[in-house]
Amino acid sequence: MKNKIVLFVIGYISLFFSSCLNSDDNSEYIVIRDAQIATFSLAHDSIPGLSSTKFVIDQVEGLIYNRDSLAFGTDISEKVVATVTFTAGIVQELEIVPQATGDTIIFGSSENDSIDFTQPVDIKVTAIDGLTTKRYLAKLNVHQVFPDTMVWDLLPQQAIPAGLTSLKTIRFPYQGKEAYFLYTMDGRYKLQYTYMEDKKEPDWSTLSDQIVFPNGKANLDQMVRYTVNTTDYICVPAEAGGLYVSLNGIDWNFYDNGVVSVLGAIQPQDGAHDKDQNDPALACIVFQDDTYYFAAITTNFTTPETGEEVPSGFPLNGSGHISYSTAYYARLYVVGGVDKEGSLLNNSWMSINGTSWSRQTTKDDFDPRQGVMIAPYDNQFYLLGGLDESGKGTNDIYYSRDHGINWLPADTTIVMPPVEDYKKRGYGSLIVDEENYMFIFGGKEQTGGNVIPEIWRGRINRLGFKD
């Protein structure tokens with residue numbers, strides 16, 4: 001097939017008006033001054049998908065481009081056929097200058113009128129009046145990276161020093177903006193924050209050099225944000241039992257309410273109770289009369305609502321959790337961890353109220369582990385790492401398309417960073433932001449180890465593509 005430009009002339013209409021003012025000599029002609037391109041397409045037999053590619057024509061900015069880029073690795077070195085139509089139906093001249101060659105192509109006057117789109121192409125349209133012109137810049141976009149690859153970066157930081165014994169990062173509002181609160185423990189508790197405005201090198205500020213928990217140490221691994229209507233709380237269990245609650249992340253109240261574990265928050269959308277949804281609740285485990293029970297707290301932190309007895313095979317600690325909503329109900333999902341007999345788990349559970357739970361997994365999709373990092377991502381659940389039965393860190397990734405009922409190992413393009421750069425770990429804080437970046441804060445290489453002083457940022461390439 002010979003490669004050339006094809007112009008379709010559609011519905012060319014000359015407008016002629018005669019006005020009979022007692023004279024056949026009085027006539028008015030309206031000259032068309034429209035130089036706009038109406039449609040634009042490209043085609044070539046050897047370029048897959050090119051002929052079906054849709055092009056956007058931005059008349060204001062003078063841009064022509066395909067919003068959905070061609071697949072990574074597509075070879076566009078061959079010159080292509082362009083099909084162009086105009087809003088006026090016809091124009092006087094179409095001038096095309098591929099930036100790759102610098103040649104000027106005037107349609108209809110060149111025998112070599114194929115187009116090189118390896119670089120942008122300048123287009124000039126001259127209307128029928130011979131005076132009105134409009135210029136465009138046409139681009140054929142091709143993905144420059146493989147869309148489904150996850151890319152990781154180790155961020156420079158000073159917020160996490162070496163030698164920490166525990167760490168937790170959560171999102172929490174501060175001064176009217178959503179902030180990242182970073183709690184660290186190295187003999188004393190410290191709170192830093194950032195708004196993550198610079199995602200490559202976050203600027204951390206100190207909120208408190210010494211956080212005081214009034215009844216001894218806190219189990220930072222189980223710290224959660226809990227929202228009821230418009231009120232935000234930070235809740236964390238005390239290591240000796242009971243619950244710490246704060247409205248600002250600095251000042252803490254202690255409730256001696258029998259809580260020994262915080263599983264997560266059952267959180268209706270926007271934190272508000274909707275008539276079609278269940279109530280928000282902080283899901284906990286309490287220890288009463290030598291027995292572990294499920295419990296739920298709404299706003300009465302003093303007296304949790306007690307539910308069923310915690311069965312064997314349910315995590316007492318070390319589980320990962322996700323709060324999500326589906327089928328009009330807010331739900332809490334927990335996976336992995338260690339049960340009351342000390343057994344390491346690889347099962348998962350779900351609750352809509354915190355006082356009763358149903359098992360979700362019925363088979364062993366991954367090895368037992370604790371300290372998994374888990375979050376909703378790419379319309380799925382993602383599970384990263386954790387500490388295995390030997391107490392050592394792992395670096396695998398699993399995903400679930402059905403809210404954690406079935407888990408599959410991630411594709412070979414979605415992996416953690418290379419082992420020579422990334423220490424296998426569990427118990428890191430995993431947060432996904434609005435730009436689809438995953439952030440991993442800290443983590444531990446082994447049971448009882450110190451916190452790894454690192455912050456990693458990762459994203460699947462296609463989730464960062466702009467429209």
# chains A, B, ... in the order shown; residues from 1 in each chain; ligands from 1
$ residues_around --residues "A:Glu305" --least-positions-apart "3" --cutoff "12 Å" --atoms "only C-alpha atoms" --output "JSON list (two decimals) with N, CA and C atoms, in the first residue's frame"
[["chain", "number", "residue", "atom", "x", "y", "z"],
["A", 257, "ASN", "N", -10.35, -0.72, 79.76],
["A", 257, "ASN", "CA", -11.58, -1.35, 79.30],
["A", 257, "ASN", "C", -11.41, -2.81, 78.87],
["A", 258, "GLY", "N", -10.26, -3.39, 79.20],
["A", 258, "GLY", "CA", -10.03, -4.79, 78.87],
["A", 258, "GLY", "C", -9.53, -5.05, 77.45],
["A", 259, "VAL", "N", -9.36, -4.01, 76.65],
["A", 259, "VAL", "CA", -8.89, -4.19, 75.27],
["A", 259, "VAL", "C", -7.45, -4.69, 75.28],
["A", 281, "ALA", "N", -17.46, 1.45, 63.73],
["A", 281, "ALA", "CA", -17.08, 0.77, 64.97],
["A", 281, "ALA", "C", -15.58, 0.52, 64.96],
["A", 282, "LEU", "N", -14.99, 0.62, 66.13],
["A", 282, "LEU", "CA", -13.61, 0.21, 66.33],
["A", 282, "LEU", "C", -13.64, -1.24, 66.78],
["A", 283, "ALA", "N", -13.10, -2.13, 65.94],
["A", 283, "ALA", "CA", -13.13, -3.57, 66.23],
["A", 283, "ALA", "C", -11.94, -3.94, 67.10],
["A", 284, "CYS", "N", -12.22, -4.61, 68.22],
["A", 284, "CYS", "CA", -11.18, -4.95, 69.20],
["A", 284, "CYS", "C", -11.34, -6.39, 69.67],
["A", 285, "ILE", "N", -10.37, -6.80, 70.47],
["A", 285, "ILE", "CA", -10.48, -8.03, 71.27],
["A", 285, "ILE", "C", -10.27, -7.64, 72.73],
["A", 286, "VAL", "N", -11.15, -8.11, 73.57],
["A", 286, "VAL", "CA", -11.02, -7.85, 75.01],
["A", 286, "VAL", "C", -10.76, -9.17, 75.74],
["A", 293, "TYR", "N", -12.69, -12.20, 73.85],
["A", 293, "TYR", "CA", -13.95, -11.95, 73.17],
["A", 293, "TYR", "C", -13.76, -10.85, 72.11],
["A", 294, "PHE", "N", -14.55, -10.99, 71.04],
["A", 294, "PHE", "CA", -14.65, -9.88, 70.10],
["A", 294, "PHE", "C", -15.39, -8.74, 70.78],
["A", 295, "ALA", "N", -15.05, -7.50, 70.39],
["A", 295, "ALA", "CA", -15.71, -6.34, 70.97],
["A", 295, "ALA", "C", -15.74, -5.20, 69.95],
["A", 296, "ALA", "N", -16.68, -4.30, 70.14],
["A", 296, "ALA", "CA", -16.81, -3.13, 69.26],
["A", 296, "ALA", "C", -17.02, -1.89, 70.10],
["A", 297, "ILE", "N", -16.42, -0.79, 69.64],
["A", 297, "ILE", "CA", -16.56, 0.50, 70.32],
["A", 297, "ILE", "C", -17.06, 1.51, 69.30],
["A", 298, "THR", "N", -18.09, 2.27, 69.67],
["A", 298, "THR", "CA", -18.53, 3.37, 68.81],
["A", 298, "THR", "C", -17.89, 4.66, 69.33],
["A", 299, "THR", "N", -18.53, 5.31, 70.30],
["A", 299, "THR", "CA", -17.90, 6.48, 70.93],
["A", 299, "THR", "C", -17.74, 6.30, 72.43],
["A", 300, "ASN", "N", -18.26, 5.20, 72.96],
["A", 300, "ASN", "CA", -18.11, 4.91, 74.38],
["A", 300, "ASN", "C", -16.86, 4.04, 74.56],
["A", 301, "PHE", "N", -15.73, 4.71, 74.75],
["A", 301, "PHE", "CA", -14.47, 3.99, 74.85],
["A", 301, "PHE", "C", -14.32, 3.28, 76.19],
["A", 302, "THR", "N", -15.15, 3.64, 77.14],
["A", 302, "THR", "CA", -15.04, 3.04, 78.47],
["A", 302, "THR", "C", -15.58, 1.62, 78.50],
["A", 308, "GLU", "N", -18.91, -12.40, 70.37],
["A", 308, "GLU", "CA", -18.61, -13.82, 70.45],
["A", 308, "GLU", "C", -17.21, -14.06, 71.00],
["A", 353, "ASN", "N", -19.57, -5.64, 62.01],
["A", 353, "ASN", "CA", -19.92, -5.01, 63.28],
["A", 353, "ASN", "C", -18.84, -5.11, 64.35],
["A", 354, "GLY", "N", -17.82, -5.95, 64.14],
["A", 354, "GLY", "CA", -16.74, -6.11, 65.11],
["A", 354, "GLY", "C", -16.99, -7.13, 66.19],
["A", 355, "THR", "N", -18.26, -7.52, 66.40],
["A", 355, "THR", "CA", -18.58, -8.46, 67.48],
["A", 355, "THR", "C", -18.74, -9.89, 66.97],
["A", 356, "SER", "N", -18.91, -10.06, 65.69],
["A", 356, "SER", "CA", -18.97, -11.40, 65.10],
["A", 356, "SER", "C", -18.21, -11.37, 63.78]]
$ residues_around --residues "A:Arg331" --least-positions-apart "6" --cutoff "7 Å" --atoms "only C-alpha atoms" --output "list in words"
Ile266, Ser323, Tyr324, Ser325, Met350, Ser351 and Ile352 of chain A
$ atom_distance --atom1 "atom CA of A:Asn278" --atom2 "atom CA of A:Tyr328"
8.1 Å
$ atom_distance --atom1 "atom CA of A:Asn66" --atom2 "atom CA of A:Leu94"
20.7 Å
$ closest_residue --among "A:Ile115, A:Val31, A:Val334, A:Val84" --to "A:Ile405" --atoms "only C-alpha atoms"
A:Val334
$ closest_residue --among "A:Ile37, A:Ala162, A:Ile76, A:Val81" --to "A:Gln119" --atoms "only C-alpha atoms"
A:Ile76
$ closest_residue --among "A:Ile374, A:Ile47, A:Val224, A:Ile250" --to "A:Pro237" --atoms "only C-alpha atoms"
A:Val224
$ closest_atom_pairs --of "stretch 242-342 of chain A" --to "stretch 167-184 of chain A" --cutoff "10 Å" --atoms "only C-alpha atoms" --output "JSON lines"
{"residue": "A:Leu247", "atom": "CA", "partner": "A:Phe172", "partner_atom": "CA", "distance": 9.9}
{"residue": "A:Asn248", "atom": "CA", "partner": "A:Tyr174", "partner_atom": "CA", "distance": 7.9}
{"residue": "A:Gly249", "atom": "CA", "partner": "A:Phe181", "partner_atom": "CA", "distance": 8.1}
$ residues_around --residues "A:Leu63" --least-positions-apart "5" --cutoff "9 Å" --atoms "only C-alpha atoms" --output "list in words"
Val56, Ile57, Asp58, Arg135, Tyr136, Leu137, Ala138 and Lys139 of chain A
$ select_by_dssp --residues "stretch 96-229 of chain A" --states "strand (DSSP E)" --output "PyMOL selection string"
chain A and resi 96-98+105-106+121-126+133-139+150-154+166-174+177-185+189-194+205-211+224-228
$ closest_residue --among "A:Tyr382, A:Phe441, A:Phe213, A:Phe86" --to "A:Ile414" --atoms "only C-alpha atoms"
A:Tyr382
$ closest_residue --among "A:Pro156, A:Pro120, A:Gly391, A:Gly264" --to "A:Trp456" --atoms "only C-alpha atoms"
A:Pro156
$ atom_distance --atom1 "atom CA of A:Thr447" --atom2 "atom CA of A:Ile431"
22.1 Å
$ closest_residue --among "A:Asp198, A:Asp256, A:Gln267, A:Val245" --to "A:Thr227" --atoms "only C-alpha atoms"
A:Gln267
$ residues_around --residues "A:Asp75" --least-positions-apart "3" --cutoff "10 Å" --atoms "only C-alpha atoms" --output "VMD selection string"
chain A and resid 46 to 48 70 to 72 78 118 142
$ decode --residues "stretch 410-434 of chain A" --atoms "C-alpha atoms" --output "JSON list (two decimals), in the first residue's frame"
[["chain", "number", "residue", "atom", "x", "y", "z"],
["A", 410, "ALA", "CA", 1.32, -11.07, 41.47],
["A", 411, "ASP", "CA", 2.54, -11.05, 37.89],
["A", 412, "THR", "CA", 6.29, -11.00, 37.31],
["A", 413, "THR", "CA", 6.04, -7.31, 36.37],
["A", 414, "ILE", "CA", 4.62, -6.43, 39.80],
["A", 415, "VAL", "CA", 7.38, -7.23, 42.27],
["A", 416, "MET", "CA", 9.20, -5.68, 45.17],
["A", 417, "PRO", "CA", 12.54, -3.95, 44.52],
["A", 418, "PRO", "CA", 15.61, -6.12, 43.80],
["A", 419, "VAL", "CA", 16.82, -8.12, 46.81],
["A", 420, "GLU", "CA", 20.21, -6.41, 46.69],
["A", 421, "ASP", "CA", 18.43, -3.08, 47.38],
["A", 422, "TYR", "CA", 15.36, -4.04, 49.39],
["A", 423, "LYS", "CA", 15.50, -5.87, 52.72],
["A", 424, "LYS", "CA", 12.77, -8.49, 53.08],
["A", 425, "ARG", "CA", 10.43, -7.35, 55.83],
["A", 426, "GLY", "CA", 7.18, -7.37, 57.73],
["A", 427, "TYR", "CA", 5.45, -4.87, 60.00],
["A", 428, "GLY", "CA", 6.01, -1.89, 57.72],
["A", 429, "SER", "CA", 3.37, 0.84, 57.43],
["A", 430, "LEU", "CA", 1.79, 0.69, 53.97],
["A", 431, "ILE", "CA", -0.13, 3.75, 52.71],
["A", 432, "VAL", "CA", -1.58, 4.37, 49.23],
["A", 433, "ASP", "CA", -2.06, 8.01, 48.24],
["A", 434, "GLU", "CA", -4.35, 9.79, 45.77]]
